[in-house]
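Trainee: So that we are looking at the same thing, I have put the structure below in C-alpha cells.
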Protein chains: 4
Amino acid sequence: MAVDRTAEVPARVRPGRPRSEQARAAVVRATSELLHEIGLRAMTTEQIAARSGVSKATIYKWWPNKYAVAIDAFLSEILADSPDPDTGSARRDFTLLLQGVCHFYTGSSGQVFAQLIGEAQFDRDVASELQDGLIQARRATLRAIWDRGVARGELRPDVDADIAIDLIIGPALYRLMIGHAGLDDAAAATIVDTAIRGLSV
Amino acid sequence: MAVDRTAEVPARVRPGRPRSEQARAAVVRATSELLHEIGLRAMTTEQIAARSGVSKATIYKWWPNKYAVAIDAFLSEILADSPDPDTGSARRDFTLLLQGVCHFYTGSSGQVFAQLIGEAQFDRDVASELQDGLIQARRATLRAIWDRGVARGELRPDVDADIAIDLIIGPALYRLMIGHAGLDDAAAATIVDTAIRGLSV
Amino acid sequence: MAVDRTAEVPARVRPGRPRSEQARAAVVRATSELLHEIGLRAMTTEQIAARSGVSKATIYKWWPNKYAVAIDAFLSEILADSPDPDTGSARRDFTLLLQGVCHFYTGSSGQVFAQLIGEAQFDRDVASELQDGLIQARRATLRAIWDRGVARGELRPDVDADIAIDLIIGPALYRLMIGHAGLDDAAAATIVDTAIRGLSV
Amino acid sequence: MAVDRTAEVPARVRPGRPRSEQARAAVVRATSELLHEIGLRAMTTEQIAARSGVSKATIYKWWPNKYAVAIDAFLSEILADSPDPDTGSARRDFTLLLQGVCHFYTGSSGQVFAQLIGEAQFDRDVASELQDGLIQARRATLRAIWDRGVARGELRPDVDADIAIDLIIGPALYRLMIGHAGLDDAAAATIVDTAIRGLSV
DNA sequence: CAATAATCGAGACGGTACGTCTTGTCTTGGC
DNA sequence: GCCAAGACAAGACGTACCGTCTCGATTATTG
C-alpha cells in the first residue's frame, strides 16, 4: 500500500535521506496492536502516531489514510496464511484449508478482517488492496486444490472453478459477516463435505 | 427501529402534540434517496434534515443515529422481498429465490445492503437490526423450501438445514461483498445446481 | 469583528437557539489573558478554546481566525480609551492625550497593540479592523482638539489637519514600533511642545 | 546576518571545502524575488530552497531562519539608500531625504520594509537586525543634517536631536504602517515644512 | 596522492498549529 | 408536548510549515 518509489530502479542509490525502516515498522506494529485492541474504526491516526513515536506527517506521507496503514499492518501479520496442504485428497485439502480459514476468522485477526471487508464496501481502494493482498492468494490456493482434484478424477471437470471455490469459501465468509452461526472445525468439515457431496439425495 | 413510545398504551390518548407521521415519512424518503445517491457513509444527518425538512433534533429523538434511520429506510423499500415461489421443485424454488436475491444484490439497493453489512462489522446494533429485519426472513423462506424438498424426498434429510442454506446464500453474499465475480441469473442457477448436485464425480 | 447576523433586523426575533453571550464573553476574556501572557503569535486557537471552555468549532463559526478574536478582545478592553481632555488649551489637550497614549503604549496593552499593527502588515482584514475600531476614533479626538485650537486662534489655520495629527501621533508610534527611545510623560510633552513650536529658530 | 565563522581568523586558511559564495548569492536573490512577489509571511524556506537551488539544510546552516535571510536580502538591495544631500539648507536636506524615504516606502521595497517592522514586533532578533542594518544609518544621516542646521543657526539648539528626528521620520512611518494617508513628494515636503515651522501661529 | 575535513543537494523526519467536518446534545420560540 | 432552526462541545481529519537529521557526492587543505 505504501508508496514504493524505489521499485522502478531498485539497484540505483537514490539521493537524500533514505526512508526509515524503523519508522515504517513502528507504525505497522502500533497499528496492529490498535486494530486488535480497539478496532479499525475507533483507531485514529493520532493514536498510531503517538504509540509508534512516528509523526502524523510521516504517516500521511507514506499512506493516504489510516485504512491503508491498517491493510499493510494486517497483511504483514498474516504472511504465512493458508498454506496448501496437498495431502493427495481434494476433500481433505479443502477441509484442512477451510479449517485454517475458520481458525483465522474466529481469532482476533478475523474481527479485523471482517472490519476491513466492511470498510471495503465504502472505499474502493481498501477493496482492491484486500483483493490483491489476500483474496487472490487464498483463491489461488483453492484453485490449485481444485485442479489437482479434477486431474485425479475426484472432482467434476464440468464445474466452473470459480463456482466451486465460492461454494467452499462463501458459506464461511457469510457466517463471518452475518454471525448467525459458528465457524469451528466441525462446521468447516461439514461445509466441505456437503459441498462436495451435494444437497440432493 | 424507531422508538415507539405510544406502543405501550395504544388506546390511551397521550397529551400534547402527537408525533408527526409526515415528518417520519419525509425522513425515511429523504434517507432512501441519499442512500442511493451518495451512500451510507457519505450521507450525514444534516443532509437528511435538510432534504426532509425535519430538524436534526427530531431525527435524533426518534432514531439513535443515522444508521438506524438508514435501516428503517432500507427495509421500508424492500418490503415485498423474496417471496416463496413454491413451484413444487426445491431446485426450481432455490433457483428462483437466488435469482431474486441476485437481482436485488446487483441493483442499486444491493450497494446499500452491502454497505449496511459493512457497517454491521463496526456496530452491533446495526448487525442485530439487519438480522431481525431481513436476514431471518430470508433464511426462513429458504428453510421452508428446504423442508418441503426434504419432505418430498428431493433433498438429503441428513444435512443440517443451516449448512444447506449457507451453501445456497453464502456464495452470493461472498460475491457481493468481495466483488470478484458477477451475480447474474446464470450464475445464480449454476450456484444452485452445483450446490444441489455436489462437487464430486 | 464577529459576524452579527441580527444587525439587519435587530427587533425581529430570529428562530433557533440564540448565540450564547456567555460563550462569546468567555472567548474574549480568555483571549485577552493569553494576549498579555504569551502574545499574539504564540497564542493558538486551541488554547483559546481550552481556556474559555468554548469549542474550536464555535470560535471558527463567529470569527474567521485568531487575529479577529484578538482584535475583538483587544478593543473590548480599551473602550474608555483617550477621552478628549478639552482644557481650553490645545497644547495642554495634545499633551494630556499623548501622555495617555504613551501610557497605553508602554503598558501591557501597548505590546499587544504593536503586535496587532505588526500583524496588519500581513493581513488586510486586521488592518481595516484596527482602522475602524481604534485609529479612526483616536484621530477624531485629535481632530476635535485641532479644530478647537484653530478656532481659538492658537493654531495655524493653513496647516492640513491630517499632517498636524500625524506630527503629534507619528513620533509616538514610531518609537513604539522601533523601540529606539522611551515614551514617558516627559517625552510626550516634549514631542507636543516641539511640534507646536517648530524646529526652526 | 549570516553567521561568519571565518571572521575570527580571517588570514588563517581553514581546511575543508569553503562556503559557496554562489549558493549564498542564489539564496539572497531568490529571497528578494519572493519577498516582492508573495511577501515575507507567505514565503517559505522550502520555496527559497527550490528557487535558489540551494538545499534547506544549507540555508539553515548559514541563517537561523527565513527572517534572517529576508533581512540579508532586503538590506543587500537597498545599499545606496538615503544619501546625505547636504545642500546647505537643513530644510531642503530634510525635504530631499524624506522624499527619498517616501519613494522607498511607497515602492515595492516599502511593503517588504513594513512587513519586516511588523515581524520585528514578534521577534527580538529581527528588531535588532533592522535597528543595526537600517534604522541607525538613516538616523545618523538625519542627525548630521540636524547638527549642520544647528551649527548654521537655522535650527533650535535647545531641541533634543532625537525628538527632532522623530518629528521628521515618525509621521512617514506612521503613514506607512497605518496606511491612512499618502506618502508622495508633496506630503513629504509638507511634513518637513510643518515640523520646522511648528503648529502654532 | 591519499587522508582528512567541511560543504552541498536531496529529502525524510518529529513537532505543532491550522481550519474543516461530523456527531449528538442543547436551547430558543412557534404551533 | 412536538417541532424547525440552529448554536454548541467534542474530537478526528488531513495539510502545511518549521527546523533537524541523515544520506552520498563534492571540493578543498594537509601529510
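Each chain in the C-alpha cells gets a letter, A, B and so on, in the order shown; residues start at 1 in every chain, and ligands are counted from 1 in the order they appear.
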Produce a table with one row for each residue of chain C that has an atom at most 8 Å from any atom of chain D, each row naming the nearest atom pair and its distance in Å at one decimal; use only C-alpha atoms; arrange rows by chain and rising residue number; format as CSV.
Mentor:
```
residue,atom,partner,partner_atom,distance
C:Arg41,CA,D:Phe122,CA,7.1
C:Ala114,CA,D:Gln121,CA,6.4
C:Gln115,CA,D:Gln121,CA,5.4
C:Ile117,CA,D:Gly118,CA,6.9
C:Gly118,CA,D:Gly118,CA,3.4
C:Glu119,CA,D:Gly118,CA,6.1
C:Ala120,CA,D:Gly118,CA,7.7
C:Gln121,CA,D:Gln115,CA,5.3
C:Phe122,CA,D:Gln115,CA,6.7
C:Ala127,CA,D:Ile178,CA,7.4
C:Gln131,CA,D:Ile178,CA,7.6
C:Gly153,CA,D:Val201,CA,7.5
C:Glu154,CA,D:Ser200,CA,6.0
C:Leu155,CA,D:Ser200,CA,4.3
C:Arg156,CA,D:Val201,CA,4.9
C:Val159,CA,D:Thr194,CA,7.4
C:Ile163,CA,D:Ile191,CA,6.5
C:Ala164,CA,D:Leu199,CA,7.1
C:Asp166,CA,D:Pro171,CA,5.0
C:Leu167,CA,D:Pro171,CA,5.6
C:Ile169,CA,D:Pro171,CA,7.4
C:Gly170,CA,D:Pro171,CA,4.1
C:Pro171,CA,D:Gly170,CA,4.1
C:Ala172,CA,D:Gly170,CA,7.4
C:Leu173,CA,D:Tyr174,CA,6.4
C:Tyr174,CA,D:Gly170,CA,5.1
C:Arg175,CA,D:Gly170,CA,7.9
C:Met177,CA,D:Gln121,CA,7.1
C:Ile178,CA,D:Ala127,CA,7.4
C:Thr190,CA,D:Ile163,CA,7.6
C:Ile191,CA,D:Ile163,CA,6.5
C:Thr194,CA,D:Gly198,CA,7.3
C:Ala195,CA,D:Gly198,CA,5.4
C:Ile196,CA,D:Leu199,CA,4.2
C:Arg197,CA,D:Gly198,CA,4.6
C:Gly198,CA,D:Gly198,CA,3.2
C:Leu199,CA,D:Ile196,CA,4.2
C:Ser200,CA,D:Leu155,CA,4.3
C:Val201,CA,D:Arg156,CA,4.9
```
Trainee: Would you mind listing, for every residue of chain F within 10 Å of chain D, the two atoms forming the shortest contact and the distance between them in Å to one decimal, using only C-alpha atoms (C1' of nucleotides), sorted by chain and ascending residue number, as CSV?
Mentor:
```
residue,atom,partner,partner_atom,distance
F:DC17,C1',D:Thr44,CA,7.4
F:DC18,C1',D:Thr45,CA,8.5
F:DG19,C1',D:Tyr60,CA,7.8
F:DT20,C1',D:Ala57,CA,8.6
F:DC21,C1',D:Ala57,CA,9.3
F:DT26,C1',D:Arg17,CA,8.7
F:DT27,C1',D:Arg17,CA,5.3
F:DA28,C1',D:Arg17,CA,4.4
F:DT29,C1',D:Pro15,CA,4.9
F:DT30,C1',D:Pro15,CA,8.0
```
Trainee: I need the residues of segment 3-102 of chain C that end up classed as alpha helix (DSSP H) by DSSP on the backbone, written out as a PyMOL selection string.
Mentor: chain C and resi 21-38+45-52+56-62+66-76+90-102
Trainee: Which residue, E:DG9, E:DG19, E:DG14, E:DG24, has the smallest gap to chain B when you use only C-alpha atoms (C1' of nucleotides)?
Mentor: E:DG24
Trainee: Using only C-alpha atoms (C1' of nucleotides), tabulate the residues of chain E lying at most 10 Å from any atom of chain D, each with its closest atom pair and that distance in Å to one decimal, by chain and increasing residue number, as CSV.
Mentor:
```
residue,atom,partner,partner_atom,distance
E:DT4,C1',D:Gly16,CA,8.2
E:DA5,C1',D:Gly16,CA,4.6
E:DA6,C1',D:Gly16,CA,4.2
E:DT7,C1',D:Arg17,CA,5.2
E:DC8,C1',D:Thr58,CA,7.1
E:DG9,C1',D:Ser55,CA,5.6
E:DA10,C1',D:Ser55,CA,7.4
E:DG11,C1',D:Ser55,CA,9.5
```
Trainee: Take the residues that were just selected and, keeping C-alpha atoms (C1' of nucleotides), output them as a short mmCIF file (atom, residue, chain, number, x, y, z; two decimals), in the first residue's frame.
Mentor:
```cif
data_model
loop_
_atom_site.label_atom_id
_atom_site.label_comp_id
_atom_site.auth_asym_id
_atom_site.auth_seq_id
_atom_site.Cartn_x
_atom_site.Cartn_y
_atom_site.Cartn_z
"C1'" DT E 4 41.04 14.45 6.37
"C1'" DA E 5 37.51 17.88 6.84
"C1'" DA E 6 33.97 20.69 5.68
"C1'" DT E 7 30.48 21.74 2.26
"C1'" DC E 8 26.48 20.73 -0.58
"C1'" DG E 9 21.77 18.74 -2.64
"C1'" DA E 10 18.15 15.77 -1.64
"C1'" DG E 11 14.70 14.63 1.08
#
```
Trainee: So, with only C-alpha atoms as the atoms that count, which of A:Leu34, A:Gly182, A:Ile145, A:Trp63 lies closest to Thr95 of chain A?
Mentor: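 The answer is A:Ile145, which sits nearest to Thr95 of chain A.
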Trainee: State, in Å with one decimal place, the distance from atom CA of Glu77 of chain D to atom CA of Ala50 of chain D.
Mentor: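 Computed distance, atom CA of Glu77 of chain D to atom CA of Ala50 of chain D, equals 21.0 Å.
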Trainee: So that I can check the surroundings of Glu33 of chain D, please list as a count of residues only every protein, DNA and RNA residue that reaches within 12 Å of it, counting only C-alpha atoms (C1' of nucleotides) and ignoring chain neighbours fewer than 6 positions away.
Mentor: 16
